[in-house]
Amino acid sequence: MDSRSGGAGSACGISAEAGRTTRSELEETVVALFDQFRNPILRYVFSIGLSPQDGEDVIQEVFMSLFRHLHLGRSRKNLRGWIFRVAHNLALKKRFANQKNRPLEDPDGVFVDRQPDPSPSVEEQLVASERRSGLLAVVRVLPELDRHCLRLRSEGLRYREIAEVLGISLGSVSMSLTRSLARLERAGGR
């Protein structure tokens, strides 16, 4: 493993300098990346407002595209960012197609967990629920770009990777996250 390259590729034993690989090596690489990124990407596409079925379709398309990308010998630099960018674009495309055909069940694409907090007392549950509702309300009114930045950051992407995924500047990512976190902090402190 090349720890200096730092991207998702190094986590799977792939280096940017790797030469032509066999089909079985490519399949193993894609499967390893699938195992590593399936759940984070699925959470991200759910936050965009896709159903579980649509999310699974996007995941399948992402990793088929990844296989083609690697098979054609294209860049292996920052595969995590590449995977999230493809997932982002496919999810937006799928959401747009769904909006033309039917209204979304959760048009806000909110990604805050709606499950009740299993606190030991009813009072603690009520406080947690009110806090969650306040945070949910703040997230709902955030501009879509801010929600995307926040969600990608929660999945562990660095600012530069978020900028690449969303096609915006590094400064825009920083401002978006600063603005969003300040709003959430104000709402959480009430």
# chains A, B, ... in the order shown; residues from 1 in each chain; ligands from 1
$ residues_around --residues "Leu92 (chain A)" --least-positions-apart "2" --cutoff "9 Å" --atoms "only C-alpha atoms" --output "VMD selection string"
chain A and resid 45 48 to 50 87 to 90 94 to 97
$ write_last_selection --atoms "N, CA and C atoms" --output "short mmCIF file (atom, residue, chain, number, x, y, z; two decimals), in the first residue's frame"
data_model
loop_
_atom_site.label_atom_id
_atom_site.label_comp_id
_atom_site.auth_asym_id
_atom_site.auth_seq_id
_atom_site.Cartn_x
_atom_site.Cartn_y
_atom_site.Cartn_z
N VAL A 45 -27.00 9.65 -1.35
CA VAL A 45 -28.05 9.76 -2.36
C VAL A 45 -29.43 9.80 -1.72
N ILE A 48 -30.29 13.30 -0.93
CA ILE A 48 -30.70 14.08 -2.09
C ILE A 48 -32.19 13.87 -2.37
N GLY A 49 -32.77 12.85 -1.76
CA GLY A 49 -34.20 12.63 -1.89
C GLY A 49 -34.59 11.42 -2.70
N LEU A 50 -33.67 10.49 -2.89
CA LEU A 50 -33.99 9.29 -3.65
C LEU A 50 -34.58 8.21 -2.76
N ALA A 87 -21.77 9.64 -8.21
CA ALA A 87 -23.00 9.37 -7.46
C ALA A 87 -23.86 10.64 -7.36
N HIS A 88 -23.22 11.75 -7.08
CA HIS A 88 -23.94 13.03 -6.97
C HIS A 88 -24.66 13.35 -8.29
N ASN A 89 -23.92 13.28 -9.38
CA ASN A 89 -24.51 13.61 -10.68
C ASN A 89 -25.64 12.65 -11.06
N LEU A 90 -25.43 11.36 -10.84
CA LEU A 90 -26.47 10.38 -11.16
C LEU A 90 -27.70 10.56 -10.27
N LYS A 94 -31.41 11.34 -11.52
CA LYS A 94 -32.53 10.46 -11.16
C LYS A 94 -33.63 11.25 -10.46
N ARG A 95 -33.24 12.16 -9.56
CA ARG A 95 -34.24 12.97 -8.85
C ARG A 95 -35.01 13.85 -9.83
N PHE A 96 -34.30 14.44 -10.78
CA PHE A 96 -34.96 15.27 -11.78
C PHE A 96 -35.96 14.45 -12.59
N ALA A 97 -35.56 13.25 -12.99
CA ALA A 97 -36.47 12.37 -13.75
C ALA A 97 -37.68 12.00 -12.90
#
$ residues_around --residues "Leu166 (chain A)" --least-positions-apart "2" --cutoff "12 Å" --atoms "only C-alpha atoms" --output "VMD selection string"
chain A and resid 81 to 82 84 to 89 92 144 to 153 157 159 to 164 168 to 170 172 to 173 176
$ write_last_selection --atoms "C-alpha atoms" --output "PDB file, in the first residue's frame"
ATOM      1  CA  GLY A  81     -13.913  11.918  -4.790  1.00  0.00           C
ATOM      2  CA  TRP A  82     -14.534  10.476  -8.258  1.00  0.00           C
ATOM      3  CA  PHE A  84     -18.944  10.615  -4.907  1.00  0.00           C
ATOM      4  CA  ARG A  85     -19.015  12.990  -7.874  1.00  0.00           C
ATOM      5  CA  VAL A  86     -20.477  10.321 -10.172  1.00  0.00           C
ATOM      6  CA  ALA A  87     -23.001   9.373  -7.464  1.00  0.00           C
ATOM      7  CA  HIS A  88     -23.939  13.027  -6.973  1.00  0.00           C
ATOM      8  CA  ASN A  89     -24.512  13.609 -10.680  1.00  0.00           C
ATOM      9  CA  LEU A  92     -29.487  14.551  -9.285  1.00  0.00           C
ATOM     10  CA  GLU A 144     -29.698  22.770  -1.635  1.00  0.00           C
ATOM     11  CA  LEU A 145     -25.988  23.401  -2.205  1.00  0.00           C
ATOM     12  CA  ASP A 146     -25.454  23.924   1.534  1.00  0.00           C
ATOM     13  CA  ARG A 147     -27.270  20.651   2.296  1.00  0.00           C
ATOM     14  CA  HIS A 148     -25.056  18.816  -0.214  1.00  0.00           C
ATOM     15  CA  CYS A 149     -21.881  20.306   1.277  1.00  0.00           C
ATOM     16  CA  LEU A 150     -22.979  19.419   4.789  1.00  0.00           C
ATOM     17  CA  ARG A 151     -23.875  15.864   3.859  1.00  0.00           C
ATOM     18  CA  LEU A 152     -20.638  15.239   1.951  1.00  0.00           C
ATOM     19  CA  ARG A 153     -18.648  16.603   4.883  1.00  0.00           C
ATOM     20  CA  LEU A 157     -14.954  14.124   2.397  1.00  0.00           C
ATOM     21  CA  TYR A 159     -13.224  20.412   1.461  1.00  0.00           C
ATOM     22  CA  ARG A 160     -11.257  19.954  -1.764  1.00  0.00           C
ATOM     23  CA  GLU A 161     -13.120  16.709  -2.524  1.00  0.00           C
ATOM     24  CA  ILE A 162     -16.485  18.372  -1.845  1.00  0.00           C
ATOM     25  CA  ALA A 163     -15.531  21.193  -4.222  1.00  0.00           C
ATOM     26  CA  GLU A 164     -14.669  18.639  -6.921  1.00  0.00           C
ATOM     27  CA  ILE A 168     -17.672  24.641  -6.960  1.00  0.00           C
ATOM     28  CA  SER A 169     -14.700  26.514  -5.556  1.00  0.00           C
ATOM     29  CA  LEU A 170     -12.932  25.596  -2.339  1.00  0.00           C
ATOM     30  CA  SER A 172     -17.614  28.279  -1.701  1.00  0.00           C
ATOM     31  CA  VAL A 173     -17.417  24.992   0.190  1.00  0.00           C
ATOM     32  CA  SER A 176     -21.301  27.052   2.783  1.00  0.00           C
TER      33      SER A 176
END
$ select_by_dssp --residues "region 53-184 of chain A" --states "alpha helix (DSSP H)" --output "VMD selection string"
chain A and resid 53 to 71 79 to 101 122 to 141 144 to 154 159 to 166 170 to 184
$ closest_residue --among "A:Ala187, A:Leu142, A:Val31, A:Leu177" --to "Leu66 (chain A)" --atoms "only C-alpha atoms"
A:Val31
$ closest_residue --among "A:Gly188, A:Gly55, A:Gly156, A:Gly171" --to "Arg38 (chain A)" --atoms "only C-alpha atoms"
A:Gly55
$ closest_residue --among "A:Ala91, A:Ile83, A:Leu42, A:Ala182" --to "Val139 (chain A)" --atoms "only C-alpha atoms"
A:Ala182
$ atom_distance --atom1 "CA of Glu155 (chain A)" --atom2 "CA of Phe37 (chain A)"
9.8 Å
$ atom_distance --atom1 "CA of Asn39 (chain A)" --atom2 "CA of Ser51 (chain A)"
14.3 Å
